[in-house]
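Student: Submitted below is the structure of interest, expressed as structure tokens.
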Amino acid sequence: MKHGAARRFVVGTLMRVWVPSLTALLSICVIGWACEACNKAYAQQLREGFGSNTLGNKELLLAMQRSQVAFAPTPASAPSPASPPAEFAEVIKRDMRLPIPPTSYVPQTARPDKRVKIELSEGEAYLGKGVIFKGFTTSDAVPGPTIIVNEGDIVEFTVVNKGAIPHGVSIHATYSQTSRYLGKIGAGETRSFLFRATYPGVYMYHCAPGGHAIPMHVLFGQYGMMVILPKQKYKLEQILGKKPDVEIYLLQHEIYASGKDAIEGNPLYVMFNGRLFGYVEQPIKAKPGDYVRIYYLNVGPNRVSTFHLVGIVWDFAYWQGHPDNVWVGGQTVTSGPSDSWVIEFRVPPDEGPYLMVDHAMGHAARGAIGILQCDRNAKTPVTILADGPRYSEAEMKTFRQQAARIVAPFEPGSPDVDVPVVVPPHEKEAIVRIIGNSYYPKVLEVRPGTTIKWVNEDVFTYLEGEYSGIHNVLVTEGPETFSSPMLGHAESWSYTLTKPGEYSYMCTPHPYMRAKIIVREKPVTLTGTSPRTPWWAITLLLAGAVLVFGIAWYARRMTAHRARSH
Amino acid sequence: MKHGAARRFVVGTLMRVWVPSLTALLSICVIGWACEACNKAYAQQLREGFGSNTLGNKELLLAMQRSQVAFAPTPASAPSPASPPAEFAEVIKRDMRLPIPPTSYVPQTARPDKRVKIELSEGEAYLGKGVIFKGFTTSDAVPGPTIIVNEGDIVEFTVVNKGAIPHGVSIHATYSQTSRYLGKIGAGETRSFLFRATYPGVYMYHCAPGGHAIPMHVLFGQYGMMVILPKQKYKLEQILGKKPDVEIYLLQHEIYASGKDAIEGNPLYVMFNGRLFGYVEQPIKAKPGDYVRIYYLNVGPNRVSTFHLVGIVWDFAYWQGHPDNVWVGGQTVTSGPSDSWVIEFRVPPDEGPYLMVDHAMGHAARGAIGILQCDRNAKTPVTILADGPRYSEAEMKTFRQQAARIVAPFEPGSPDVDVPVVVPPHEKEAIVRIIGNSYYPKVLEVRPGTTIKWVNEDVFTYLEGEYSGIHNVLVTEGPETFSSPMLGHAESWSYTLTKPGEYSYMCTPHPYMRAKIIVREKPVTLTGTSPRTPWWAITLLLAGAVLVFGIAWYARRMTAHRARSH
Amino acid sequence: MKHGAARRFVVGTLMRVWVPSLTALLSICVIGWACEACNKAYAQQLREGFGSNTLGNKELLLAMQRSQVAFAPTPASAPSPASPPAEFAEVIKRDMRLPIPPTSYVPQTARPDKRVKIELSEGEAYLGKGVIFKGFTTSDAVPGPTIIVNEGDIVEFTVVNKGAIPHGVSIHATYSQTSRYLGKIGAGETRSFLFRATYPGVYMYHCAPGGHAIPMHVLFGQYGMMVILPKQKYKLEQILGKKPDVEIYLLQHEIYASGKDAIEGNPLYVMFNGRLFGYVEQPIKAKPGDYVRIYYLNVGPNRVSTFHLVGIVWDFAYWQGHPDNVWVGGQTVTSGPSDSWVIEFRVPPDEGPYLMVDHAMGHAARGAIGILQCDRNAKTPVTILADGPRYSEAEMKTFRQQAARIVAPFEPGSPDVDVPVVVPPHEKEAIVRIIGNSYYPKVLEVRPGTTIKWVNEDVFTYLEGEYSGIHNVLVTEGPETFSSPMLGHAESWSYTLTKPGEYSYMCTPHPYMRAKIIVREKPVTLTGTSPRTPWWAITLLLAGAVLVFGIAWYARRMTAHRARSH
């Protein structure tokens with residue numbers, strides 16, 4: 001339907017040009033892990049008419065023309081609004097006079113009260129229970145560091161891109177423009193941004209390089225908690241007349257084994273603070289009667305959580321952590337992805353374990369259980385942060401050697417996670433879906449002559465490179481190398497593999513996306529119980545032979561007989 | 001288990017009667033797209049004892065007897081409660097005296113303040129990015145028109161059924177009986193209903209023909225937003241002392257590719273206002289300092305949404321849009337299907353894009369991203385409605401020709417969406433699930449001799465025709481035609497296909513449900529590298545031939561030799 | 001990766017010891033349905049070094065050492081805190097002086113105002129529409145009895161374990177330690193616990209034996225509703241000056257067909273009060289103008305519900321049922337698993353059906369629809385409890401005989417639910433996942449020589465027996481019997497099945513987990529239209545025969561001819 005004759009010609013022509021040029025580009029990509037060049041080439045192609053007879057592309061071009069602002073690449077140097085343009089002064093003045101907090105806008109020359117810094121990168125995290133996760137990290141962990149500031153603080157937020165691809169940050173605590181300042185941060189770059197912490201509450205921050213990369217980088221591990229502590233006292237603090245004895249910053253999040261699982265919202269693990277049952281192995285401890293405050297954030301990034309503490313009815317729950325949104329009692333707080341609560345209660349005068357749990361039982365069983373142990377000998381006050389665990393390189397090496405499982409959304413992980421899919425011999429075509437920045441299935445085994453059809457299911461196919469859901473297929477190793485054109489949403493490309501061997505391929509705009517196809521001849525087995533063995537052929541062969549020799553013998557005998565009878 | 005001997009006899013007998021009679025009915029169905037007749041026949045059967053030895057049917061009959069009210073078909077002409085029955089007058093009088101709003105009940109002779117009209121039909125919608133959706137529409141779009149009235153208004157709501165099957169309406173803004181008036185509207189019929197808009201808020205309206213068709217018509221596209229604007233001012237309006245500069249009616253909804261996906265809640269796309277990334281392509285614009293109010297409705301119909309605006313902390317969020325349910329601050333609002341909010345904030349004094357997003361990242365990646373562009377040159381005040389885009393027939397024709405993909409939940413769409421399932425030759429039976437008013441898989445390829453077992457997974461198997469989840473299988477084209485009996489929940493029916501060819505079939509009560517089975521002989525290929533090619537057979541054949549000719553030659557030579565030697 | 005050489009040796013050695021010893025243990029297990037012994041053996045193994053070279057096991061051991069409190073088995077006799085330890089007295093005294101309710105703690109010698117009792121067991125429930133569910137039950141039903149007490153009451157809660165495996169209870173209405181008292185209740189045991197009902201609201205109670213068994217027993221049916229009626233009047237009661245005419249205790253819950261579905265959150269049915277469309281078959285009735293109060297609890301245990309009543313806007317909705325958390329208006333209430341609401345409204349002065357529905361349409365279609373029928377002749381006041389239906393043994397027998405479907409998460413149910421998975425002949429390995437206390441797939445058919453690899457996907461692999469997600473494979477019947485070692489999370493074990501026949505196997509720590517593998521030779525079929533039939537071989541055979549006979553005949557003729565010509 002979408003491959004008109006004109007297009008086929010264009011594609012054909014391009015293919016002849018693409019293969020060598022892409023292979024050349026590949027050397028850059030693989031080394032630099034950045035492929036702006038080849039994506040710019042694609043955008044250029046688009047403008048010059050490649051695929052412009054498809055509906056999606058027409059709209060893309062139209063959109064590019066219409067909204068230069070949104071689609072224009074960020075200036076290499078971020079804007080520096082030291083003083084706001086004159087015409088915005090009156091907005092700021094108005095905001096200052098209102099009975100509600102002003103927005104977070106401050107001139108970037110202001111003097112910060114707090115300085116915080118995070119480092120973004122691609123990387124690994126050890127989740128516990130023998131599981132290693134290869135995705136994106138914040139300050140070498142999943143989740144990143146807990147950031148705590150006071151209402152009214154001017155915060156300098158610095159982001160270092162230690163990785164090889166673009167990263168960036170969205171800070172939910174900021175009531176101001178951030179995309180232009182911290183959105184697109186290239187590999188090796190550092191950026192800072194100043195803002196005022198205005199509305200108190202519990203917030204998410206997360207990687208947000210822009211476009212398609214925003215959901216991708218969140219889905220694959222880059223997030224953390226930021227809390228703006230209120231000037232106003234929370235209600236239980238007023239009633240008890242003291243600070244909490246136990247403060248728990250609790251971040252719930254999900255781990256996905258593939259882009260498909262991530263987009264469809266089927267996590268492999270659901271965890272508190274980066275630990276698979278970490279607070280079962282090392283319970284948090286409190287004394288009877290202790291005043292506990294939990295800063296709870298459900299990062300998601302897909303599932304709704306219903307947090308509950310076995311044996312506890314909340315004294316007060318504060319929606320989004322703002323002290324004005326106060327509710328009384330309650331067995332649970334429900335949070336969509338990036339929803340948050342402050343929860344307060346007293347530890348009952350009775351020792352024993354109090355289970356913290358996401359009451360969505362599938363989540364609990366996948367890791368979202370912890371223990372708050374009431375123990376008269378506990379040492380309080382105590383503060384538990386939402387930082388993911390960090391390990392030394394030596395520890396990580398040990399984990400890698402002894403790992404039970406490697407979860408790697410963008411490439412084949414352990415074979416029990418990414419089970420190779422063997423295409424039945426009777427099927428002449430196999431489909432590989434490109435979804436959530438990964439190929440599905442990641443490992444495919446086919447017979448020679450099978451046609452592989454790659455379909456791009458990613459929908460945000462605007463912009464370029466890491467910012468885009470535009471993907472392709474580039475075989476980097478194998479009996480033959482080839483590459484597909486760039487594929488927009490719902491576009492597909494087919495190729496028939498005839499030569500046996502192992503083909504490793506990747507996506508040029510997202511060079512961390514890796515997958516494999518094994519082309520294997522039908523095994524030549526003439527014995528054994530395998531269903532492929534033509535036992536009846538042997539029977540036939542034997543029967544035939546017997547028959548033939550029988551006839552030959554008979555013919556010969558007859559000949560002899562007749563000869564004799566002469 | 002469920003096919004007792006008695007039943008088998010009945011089924012057998014009926015089958016002999018059914019096939020011709022259904023085929024006759026089919027001609028009516030296909031033309032008229034309505035099949036009350038054949039479903040009434042089924043109900044009659046039930047009463048007469050067909051299948052009455054199954055547990056489900058027994059209960060159905062019992063239920064029919066017990067609750068005549070609920071099961072009785074709506075009278076052809078709707079009731080006209082011009083004046084309420086005398087005994088209800090005191091209820092109305094009591095309601096009028098209460099300090100809370102009365103219910104929406106008004107005599108149907110009252111004079112309306114507002115008149116609104118929607119048209120319901122089966123139809124197509126263009127979603128953007130080359131994707132066409134074939135489902136159900138409201139006023140030729142998905143979603144339908146935004147309806148805005150004032151608190152206290154008497155509203156006349158008119159519904160036109162422009163389609164070929166029954167439709168109807170449920171209006172969440174109505175605090176009164178509506179099912180009897182607008183529930184069952186036959187093809188070609190028009191119905192009106194009057195009610196008073198009492199509780200202010202943001203509401204969903206949707207198709208609701210009754211029974212099983214309620215979830216089905218909502219899942220497949222018939223819904224819209226209705227807002228009752230409050231007399232009381234929202235809080236930010238009070239504080240700023242002015243009306244909003246930017247009003248956005250934002251409806252989030254899901255698109256499903258099949259009934260199975262719909263029932264299981266796995267959307268293919270998640271969108272704002274019927275546009276796949278429409279507000280990325282054409283951002284909504286606002287000036288720095290503008291007062292923005294979003295009327296947000298998550299239609300679902302399955303997924304929970306967590307709406308967030310990058311760079312914004314709400315000033316106020318109003319649960320369900322009622323000004324009394326006011327919350328302060330917050331980075332998100334979480335909404336189950338048909339939940340709603342009013343959200344208010346000021347655009348910060350800094351230009352740039354502010355991303356609107358469902359923070360469930362799988363939803364964002366599937367289409368739920370838009371841009372609110374802060375631009376000093378923006379023209380405000382502006383109002384964005386939640387109406388789905390409408391296109392001319394000529395535009396739709398172009399879209400159809402150039403479409404990248406057709407999503408058609410009830411019938412086979414594009415082959416990359418509804419991939420034909422090839423049943424491996426070693427399997428003698430294949431299961432087709434009937435679920436969410438579609439067959440799964442929609443296209444099946446089998447070898448001759450395979451038994452197909454259809455299992456009805458739809459659970460609401462009460463009532464008749466469109467109102468019911470009772471389904472069957474009726475082959476309309478193919479090497480042979482046949483039909484199954486009507487299947488209640490968890491009932492199944494099997495048929496062995498022996499003749500090669502393509503079988504097209506449908507469901508008699510839901511004639512838009514279509515699927516296909518291709519019966520294909522094993523391909524006779526004697527060459528090539530295909531695993532199906534018996535290369536060794538050729539070898540065998542040649543070897544046999546060589547052997548035979550060799551022996552023959554030898555025999556002949558021997559004969560000749562012997563003859564000569566005589 | 002995880003099967004080092006050392007381990008392989010240990011496993012090999014153990015296997016030789018395990019098989020007979022496990023078989024011996026099996027006899028105990030099967031009879032007693034309890035297998036503490038063999039699990040203790042596993043823990044012992046762990047301590048003695050078995051598998052201690054794996055990462056997960058190392059951590060488990062470390063955790064065992066670190067947190068004796070959390071991991072220590074409950075003392076056989078529960079503690080009896082008749083009077084609290086002296087040092088907690090001041091906590092209690094402090095609580096009594098606060099302006100908020102004290103915790104639920106009361107000395108266990110206190111005199112109860114209310115006594116309630118539930119019985120926990122494994123068992124069956126009839127869901128309606130011909131469906132039988134085999135899971136866990138509370139007082140022989142799903143859900144268990146509705147428990148209603150008044151704010152301030154001292155409640156004696158008695159739990160009887162009538163089953164064969166450990167059960168226990170978590171009572172969300174209790175603001176006190178319960179795990180130590182009611183957590184682990186052995187088969188045949190009875191336990192009681194006293195607490196004060198402090199915070200009014202609508203609560204969940206559920207089975208909670210401890211550890212992995214908590215999510216499992218909730219997922220598979222053991223839960224109920226407990227309501228603490230407030231001293232303070234709900235708002236509509238204040239306004240109308242009377243008690244509700246219709247009180248509905250409505251519990252929404254999910255039914256899962258397998259552990260995999262349960263963990264992934266894909267229910268087969270979603271129901272109100274244990275009835276599949278029960279209130280469609282038997283609507284709840286109310287008179288026009290009646291005051292209705294719904295105590296709504298979404299048990300889940302996975303899905304978020306959005307409850308709506310067609311034709312109704314709430315007068316008031318109370319979060320978690322506490323009268324202080326009051327919201328005005330609204331078309332829906334959204335509840336994560338174990339969230340609750342009290343909803344109040346007046347029945348409008350117009351007769352007809354008002355549909356109660358989870359507006360997540362996939363849930364509605366799967367069973368979550370009911371009818372509130374407004375009928376002038378209805379008899380009110382009326383109270384509908386959330387108790388699941390209970391049937392006599394005779395009734396259950398009839399249901400079993402006539403069932404359309406048996407849903408049995410832990411073992412193969414009806415073949416249309418647990419479709420046997422036939423492994424294609426070209427695959428040499430098949431994976432069985434152990435997840436949510438069930439094997440997936442439950443019935444597998446393979447060829448001789450196929451290697452089966454069992455992978456344990458359950459993550460909570462701490463503790464022992466029913467409390468743990470540690471699983472194994474023990475073949476109890478078949479051509480050969482064998483067993484695997486105990487598997488921690490992400491651990492796997494492989495075995496090659498060579499002998500044809502049917503293998504039934506189970507999990508030693510969870511003896512109700514059952515599955516089957518059928519090893520079947522390739523069927524010897526030389527005729528028919530089956531794709532397996534080598535029709536062309538027959539052709540070849542015939543052709544060969546014709547050829548051979550032709551040659552033979554020719555040879556003979558030639559011989560004769562030459563003979564004659566002599």
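Chains: A, B, ... in order of the structure tokens. Residues: from 1 per chain. Ligands: from 1, in order shown.
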Taking 5 positions as the minimum chain separation for residues in the same chain, which residues sit within 10 Å of Glu477 of chain B when counting only C-alpha atoms? Answer as a compact mmCIF listing (two decimals) with N, CA and C atoms, in the first residue's frame.

Tutor:
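Saved as around_10.txt:
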# COMPACT_ATOMS: atom_id res chain seq x y z
N PHE B 482 -20.81 -22.71 5.55
CA PHE B 482 -21.38 -23.38 6.70
C PHE B 482 -21.56 -22.36 7.80
N GLY B 501 -8.69 -23.35 -0.20
CA GLY B 501 -9.31 -22.11 -0.68
C GLY B 501 -9.42 -21.10 0.44
N GLU B 502 -10.06 -19.99 0.18
CA GLU B 502 -10.16 -18.91 1.13
C GLU B 502 -11.59 -18.83 1.66
N TYR B 503 -11.73 -18.92 2.96
CA TYR B 503 -13.04 -18.85 3.59
C TYR B 503 -13.20 -17.49 4.27
N SER B 504 -14.20 -16.74 3.86
CA SER B 504 -14.51 -15.48 4.53
C SER B 504 -15.71 -15.72 5.43
N TYR B 505 -15.62 -15.26 6.65
CA TYR B 505 -16.77 -15.48 7.52
C TYR B 505 -17.07 -14.26 8.37
N MET B 506 -18.23 -14.29 8.99
CA MET B 506 -18.73 -13.15 9.75
C MET B 506 -19.56 -13.66 10.92
N LYS B 516 -11.08 -14.38 8.21
CA LYS B 516 -10.74 -15.17 7.05
C LYS B 516 -9.89 -16.37 7.45

Student: Show me, as number ranges by chain, the residues that have an atom within 10 Å of Pro415 of chain B when counting only C-alpha atoms, minus same-chain residues fewer than 5 positions from it.

Tutor: B: 405-407, 420, 443

Student: Tell me, which residues of segment 224-468 of chain C carry DSSP helix (DSSP H, G or I), written as an MDAnalysis selection string?

Tutor: chainID C and resid 235:240 259:264 278:281 361:365 393:402 465:467

Student: Using only C-alpha atoms, which protein or nucleic acid residues come within 7 Å of Gly210 of chain B? Drop anything in the same chain fewer than 2 positions from it, and give the result as a PyMOL selection string.

Tutor: chain B and resi 183-184+208+212-214+467

Student: Using only C-alpha atoms, which of B:Thr481, B:Ser179, B:Ser192, B:Ser335 sits nearest chain A?

Tutor: B:Ser335

Student: Compare C:Asn302, C:Gln232, C:Ser494, C:Ser258 by their minimum atom-to-atom distance to chain A, counting only C-alpha atoms, and give me the closest one.

Tutor: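 Smallest separation from chain A among the options: C:Asn302.
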
Student: For atom CA of Val519 of chain C and atom CA of Lys442 of chain C, determine how far apart the two atoms are, in Å to one decimal place.

Tutor: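 Result for atom CA of Val519 of chain C versus atom CA of Lys442 of chain C: 14.0 Å, one decimal.
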
Student: Would you list, as a ChimeraX atom specification, the residues of segment 288-464 of chain C that end up in strand (DSSP E) under DSSP run on this structure's backbone?

Tutor: /C:291-300,305-309,316-319,326-328,332-335,339-346,352-358,369-374,382-384,405-407,421-422,429-435,438-440,443-446,450-456

Student: Report as a PyMOL selection string all protein, DNA and RNA residues lying within 8 Å of Pro166 of chain A, evaluated on only C-alpha atoms, omitting residues in the same chain fewer than 5 positions from it.

Tutor: chain A and resi 161+184-187+209+466

Student: Store the residues picked out above in a file with C-alpha atoms, as a PDB file, in the first residue's frame.

Tutor:
ATOM      1  CA  ASN A 161      26.344  14.316  30.228  1.00  0.00           C
ATOM      2  CA  LYS A 184      19.315  18.773  24.774  1.00  0.00           C
ATOM      3  CA  ILE A 185      22.708  18.176  26.334  1.00  0.00           C
ATOM      4  CA  GLY A 186      25.243  16.642  23.998  1.00  0.00           C
ATOM      5  CA  ALA A 187      27.755  13.966  24.960  1.00  0.00           C
ATOM      6  CA  PRO A 209      16.680  14.968  25.872  1.00  0.00           C
ATOM      7  CA  GLU A 466      18.336  10.073  19.413  1.00  0.00           C
TER       8      GLU A 466
END

Student: Pick from A:Asn437, A:Ser414, A:Thr380, A:Gln402: nearest to chain C, with only C-alpha atoms counted?

Tutor: A:Gln402

Student: Mind checking which residues fall within 6 Å of Gly201 of chain C, counting only C-alpha atoms, ignoring those fewer than 2 positions away in the same chain, and posting them as a list in words?

Tutor: Val227, Ile228, Gln320, Gly321 and His322 of chain C
